[in-house]
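Raw input39.pdb, PDB, C-alpha atoms:
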```pdb
ATOM      1  CA  GLY A   1      84.591  67.478  33.280
ATOM      2  CA  ASP A   2      85.618  66.744  36.815
ATOM      3  CA  GLY A   3      82.126  65.737  37.966
ATOM      4  CA  ARG A   4      81.456  68.933  39.877
ATOM      5  CA  THR A   5      78.280  70.900  39.223
ATOM      6  CA  PRO A   6      78.658  74.666  39.106
ATOM      7  CA  VAL A   7      76.422  76.485  41.560
ATOM      8  CA  ALA A   8      75.589  80.158  41.198
ATOM      9  CA  GLU A   9      76.323  82.193  44.289
ATOM     10  CA  GLN A  10      73.194  83.865  45.604
ATOM     11  CA  ASP A  11      72.837  85.893  48.749
ATOM     12  CA  THR A  12      70.100  84.816  51.094
ATOM     13  CA  PHE A  13      67.706  87.527  52.186
ATOM     14  CA  ALA A  14      69.010  87.177  55.745
ATOM     15  CA  SER A  15      72.501  88.183  54.611
ATOM     16  CA  MET A  16      71.335  91.126  52.476
ATOM     17  CA  THR A  17      70.875  94.741  53.491
ATOM     18  CA  ALA A  18      67.431  96.314  53.196
ATOM     19  CA  ASP A  19      68.634  98.272  50.152
ATOM     20  CA  GLU A  20      69.840  95.070  48.481
ATOM     21  CA  VAL A  21      66.470  93.367  49.094
ATOM     22  CA  ILE A  22      64.629  96.397  47.702
ATOM     23  CA  GLY A  23      66.941  96.456  44.685
ATOM     24  CA  ARG A  24      66.241  92.801  43.988
ATOM     25  CA  PHE A  25      62.506  93.448  44.385
ATOM     26  CA  HIS A  26      62.691  96.265  41.826
ATOM     27  CA  LEU A  27      64.483  94.015  39.330
ATOM     28  CA  ALA A  28      61.579  91.578  39.483
ATOM     29  CA  ALA A  29      58.653  93.957  40.019
ATOM     30  CA  ASP A  30      59.440  96.982  37.829
ATOM     31  CA  PRO A  31      58.732  95.139  34.552
ATOM     32  CA  ILE A  32      55.343  94.090  35.947
ATOM     33  CA  TYR A  33      54.210  97.080  38.022
ATOM     34  CA  GLY A  34      56.359  99.872  36.535
ATOM     35  CA  ARG A  35      58.840 101.803  38.649
ATOM     36  CA  ALA A  36      56.193 104.016  40.275
ATOM     37  CA  GLY A  37      53.982 101.029  41.104
ATOM     38  CA  SER A  38      56.916  99.136  42.593
ATOM     39  CA  GLN A  39      57.911 102.158  44.667
ATOM     40  CA  ALA A  40      54.330 102.440  45.964
ATOM     41  CA  ILE A  41      54.406  98.758  46.969
ATOM     42  CA  VAL A  42      57.741  99.206  48.779
ATOM     43  CA  GLY A  43      56.327 102.246  50.568
ATOM     44  CA  ARG A  44      53.286 100.339  51.785
ATOM     45  CA  ILE A  45      55.427  97.393  52.919
ATOM     46  CA  ASP A  46      57.645  99.819  54.825
ATOM     47  CA  GLU A  47      54.542 101.110  56.658
ATOM     48  CA  LEU A  48      53.148  97.683  57.621
ATOM     49  CA  ASP A  49      54.463  97.822  61.183
ATOM     50  CA  ARG A  50      52.544 101.072  61.705
ATOM     51  CA  SER A  51      49.369 100.151  59.792
ATOM     52  CA  PRO A  52      46.256  98.740  61.422
ATOM     53  CA  SER A  53      45.541  96.541  58.375
ATOM     54  CA  LEU A  54      46.869  95.378  55.033
ATOM     55  CA  SER A  55      44.340  97.468  53.097
ATOM     56  CA  GLY A  56      46.902 100.045  51.907
ATOM     57  CA  LEU A  57      49.198  97.355  50.534
ATOM     58  CA  LEU A  58      46.302  95.505  48.923
ATOM     59  CA  ARG A  59      45.124  98.734  47.248
ATOM     60  CA  VAL A  60      48.488  99.381  45.569
ATOM     61  CA  LEU A  61      48.799  95.744  44.504
ATOM     62  CA  GLN A  62      45.343  95.819  42.904
ATOM     63  CA  ALA A  63      45.919  99.209  41.250
ATOM     64  CA  ALA A  64      49.173  98.157  39.640
TER      65      ALA A  64
END
```

Is it possible to express this structure as structure tokens?
Amino acid sequence: GDGRTPVAEQDTFASMTADEVIGRFHLAADPIYGRAGSQAIVGRIDELDRSPSLSGLLRVLQAA
């Protein structure tokens, strides 16, 4: 070879749209939590700025 190491291109979260981040989350989380569980987690994360505590997010993480 020419001594170069191939590097996979990967977007950083800062350069990704919200939909791209959510899509990547689903790729990792759906096999673990199921699609419905992952969607519930995303929903609770989306509400964090309006929630007085993390209890809603913790509930869906524990239920999954």

>> What does the structure give for the distance between CA of Asp30 (chain A) and CA of Ser55 (chain A), in Å to one decimal?
In response: 21.5 Å

> So which residues touch Gly23 (chain A) within 12 Å, counting all atoms listed in the file, skipping near sequence neighbours fewer than 4 positions away, as a VMD selection string?
Replying inline: chain A and resid 13 16 to 19 27 to 30 35 38 to 39 42

Deliver the residues from the most recent selection as a file, using C-alpha atoms, as a compact mmCIF listing (two decimals), keeping the file's coordinate frame.
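Writing done, so here's result-v1.txt:
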```txt
# COMPACT_ATOMS: atom_id res chain seq x y z
CA PHE A 13 67.71 87.53 52.19
CA MET A 16 71.33 91.13 52.48
CA THR A 17 70.88 94.74 53.49
CA ALA A 18 67.43 96.31 53.20
CA ASP A 19 68.63 98.27 50.15
CA LEU A 27 64.48 94.02 39.33
CA ALA A 28 61.58 91.58 39.48
CA ALA A 29 58.65 93.96 40.02
CA ASP A 30 59.44 96.98 37.83
CA ARG A 35 58.84 101.80 38.65
CA SER A 38 56.92 99.14 42.59
CA GLN A 39 57.91 102.16 44.67
CA VAL A 42 57.74 99.21 48.78
```

>> Show me, as a PyMOL selection string, the residues that have an atom within 10 Å of Leu58 (chain A) when counting all atoms listed in the file, minus same-chain residues fewer than 5 positions from it.
In response: chain A and resi 41+44+53+63

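CA of Ala36 (chain A) to CA of Ala14 (chain A) spans 26.2 Å [interatomic distance, one decimal].
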
May I have the centre and edge lengths, in Å to one decimal, of an axis-aligned box around the listed atoms of region 34-41 of chain A with 6 Å added to every side, as AutoDock Vina command-line options?
```
--center_x 56.4 --center_y 101.4 --center_z 41.8 --size_x 16.9 --size_y 17.3 --size_z 22.4
```

> Which distance in Å separates CA of Ser51 (chain A) and CA of Gly34 (chain A), to one decimal?
Replying inline: 24.3 Å

> Which neighbours of Gly43 (chain A) fall inside 12 Å, counting all atoms listed in the file, when residues of the same chain fewer than 6 positions from it are skipped, and could you give them as a list in words?
Replying inline: Ile22, Ala36, Gly37, Asp49, Arg50, Ser51, Gly56, Leu57, Val60 and Leu61 of chain A

For region 17-28 of chain A, where the input has fewer atoms than it should, I would like all heavy atoms rebuilt and written as an mmCIF file, keeping the file's coordinate frame.
```cif
data_model
loop_
_atom_site.group_PDB
_atom_site.id
_atom_site.type_symbol
_atom_site.label_atom_id
_atom_site.label_comp_id
_atom_site.auth_asym_id
_atom_site.auth_seq_id
_atom_site.Cartn_x
_atom_site.Cartn_y
_atom_site.Cartn_z
ATOM 1 N N THR A 17 71.358 93.512 52.864
ATOM 2 C CA THR A 17 70.875 94.741 53.491
ATOM 3 C C THR A 17 69.477 95.037 52.966
ATOM 4 O O THR A 17 69.046 94.490 51.942
ATOM 5 C CB THR A 17 71.794 95.934 53.144
ATOM 6 O OG1 THR A 17 71.687 96.196 51.738
ATOM 7 C CG2 THR A 17 73.235 95.676 53.538
ATOM 8 N N ALA A 18 68.766 95.923 53.654
ATOM 9 C CA ALA A 18 67.431 96.314 53.196
ATOM 10 C C ALA A 18 67.500 96.881 51.781
ATOM 11 O O ALA A 18 66.651 96.566 50.937
ATOM 12 C CB ALA A 18 66.821 97.322 54.161
ATOM 13 N N ASP A 19 68.504 97.697 51.494
ATOM 14 C CA ASP A 19 68.634 98.272 50.152
ATOM 15 C C ASP A 19 68.859 97.203 49.090
ATOM 16 O O ASP A 19 68.354 97.310 47.976
ATOM 17 C CB ASP A 19 69.771 99.294 50.110
ATOM 18 C CG ASP A 19 69.420 100.591 50.819
ATOM 19 O OD1 ASP A 19 68.215 100.871 51.025
ATOM 20 O OD2 ASP A 19 70.357 101.336 51.163
ATOM 21 N N GLU A 20 69.608 96.163 49.429
ATOM 22 C CA GLU A 20 69.840 95.070 48.481
ATOM 23 C C GLU A 20 68.543 94.293 48.222
ATOM 24 O O GLU A 20 68.257 93.915 47.087
ATOM 25 C CB GLU A 20 70.918 94.120 49.002
ATOM 26 C CG GLU A 20 72.305 94.735 48.968
ATOM 27 C CD GLU A 20 73.349 93.890 49.685
ATOM 28 O OE1 GLU A 20 73.003 93.125 50.614
ATOM 29 O OE2 GLU A 20 74.528 94.019 49.324
ATOM 30 N N VAL A 21 67.756 94.064 49.255
ATOM 31 C CA VAL A 21 66.470 93.367 49.094
ATOM 32 C C VAL A 21 65.545 94.208 48.219
ATOM 33 O O VAL A 21 64.908 93.701 47.294
ATOM 34 C CB VAL A 21 65.819 93.057 50.463
ATOM 35 C CG1 VAL A 21 64.409 92.520 50.281
ATOM 36 C CG2 VAL A 21 66.667 92.069 51.245
ATOM 37 N N ILE A 22 65.489 95.511 48.495
ATOM 38 C CA ILE A 22 64.629 96.397 47.702
ATOM 39 C C ILE A 22 65.104 96.441 46.251
ATOM 40 O O ILE A 22 64.290 96.409 45.322
ATOM 41 C CB ILE A 22 64.578 97.804 48.330
ATOM 42 C CG1 ILE A 22 63.825 97.735 49.665
ATOM 43 C CG2 ILE A 22 63.924 98.807 47.388
ATOM 44 C CD1 ILE A 22 63.933 98.989 50.509
ATOM 45 N N GLY A 23 66.404 96.479 46.044
ATOM 46 C CA GLY A 23 66.941 96.456 44.685
ATOM 47 C C GLY A 23 66.551 95.194 43.943
ATOM 48 O O GLY A 23 66.155 95.243 42.765
ATOM 49 N N ARG A 24 66.634 94.063 44.614
ATOM 50 C CA ARG A 24 66.241 92.801 43.988
ATOM 51 C C ARG A 24 64.741 92.792 43.689
ATOM 52 O O ARG A 24 64.311 92.313 42.642
ATOM 53 C CB ARG A 24 66.618 91.615 44.883
ATOM 54 C CG ARG A 24 66.370 90.298 44.179
ATOM 55 C CD ARG A 24 66.794 89.112 44.992
ATOM 56 N NE ARG A 24 68.252 89.014 45.037
ATOM 57 C CZ ARG A 24 68.892 88.048 45.664
ATOM 58 N NH1 ARG A 24 68.225 87.113 46.304
ATOM 59 N NH2 ARG A 24 70.197 88.012 45.673
ATOM 60 N N PHE A 25 63.946 93.344 44.613
ATOM 61 C CA PHE A 25 62.506 93.448 44.385
ATOM 62 C C PHE A 25 62.229 94.275 43.123
ATOM 63 O O PHE A 25 61.425 93.877 42.280
ATOM 64 C CB PHE A 25 61.806 94.075 45.599
ATOM 65 C CG PHE A 25 60.357 94.403 45.342
ATOM 66 C CD1 PHE A 25 59.407 93.396 45.365
ATOM 67 C CD2 PHE A 25 59.958 95.700 45.070
ATOM 68 C CE1 PHE A 25 58.068 93.687 45.119
ATOM 69 C CE2 PHE A 25 58.628 95.999 44.819
ATOM 70 C CZ PHE A 25 57.683 94.982 44.841
ATOM 71 N N HIS A 26 62.910 95.415 42.997
ATOM 72 C CA HIS A 26 62.691 96.265 41.826
ATOM 73 C C HIS A 26 63.061 95.553 40.531
ATOM 74 O O HIS A 26 62.362 95.718 39.515
ATOM 75 C CB HIS A 26 63.443 97.590 41.958
ATOM 76 C CG HIS A 26 62.723 98.606 42.772
ATOM 77 N ND1 HIS A 26 61.555 99.207 42.371
ATOM 78 C CD2 HIS A 26 62.986 99.127 43.989
ATOM 79 C CE1 HIS A 26 61.144 100.060 43.281
ATOM 80 N NE2 HIS A 26 61.994 100.016 44.292
ATOM 81 N N LEU A 27 64.111 94.758 40.536
ATOM 82 C CA LEU A 27 64.483 94.015 39.330
ATOM 83 C C LEU A 27 63.350 93.100 38.871
ATOM 84 O O LEU A 27 63.100 92.952 37.676
ATOM 85 C CB LEU A 27 65.744 93.179 39.574
ATOM 86 C CG LEU A 27 67.068 93.931 39.647
ATOM 87 C CD1 LEU A 27 68.193 92.972 40.035
ATOM 88 C CD2 LEU A 27 67.371 94.605 38.311
ATOM 89 N N ALA A 28 62.663 92.500 39.821
ATOM 90 C CA ALA A 28 61.579 91.578 39.483
ATOM 91 C C ALA A 28 60.257 92.307 39.253
ATOM 92 O O ALA A 28 59.475 91.931 38.372
ATOM 93 C CB ALA A 28 61.408 90.550 40.606
#
```
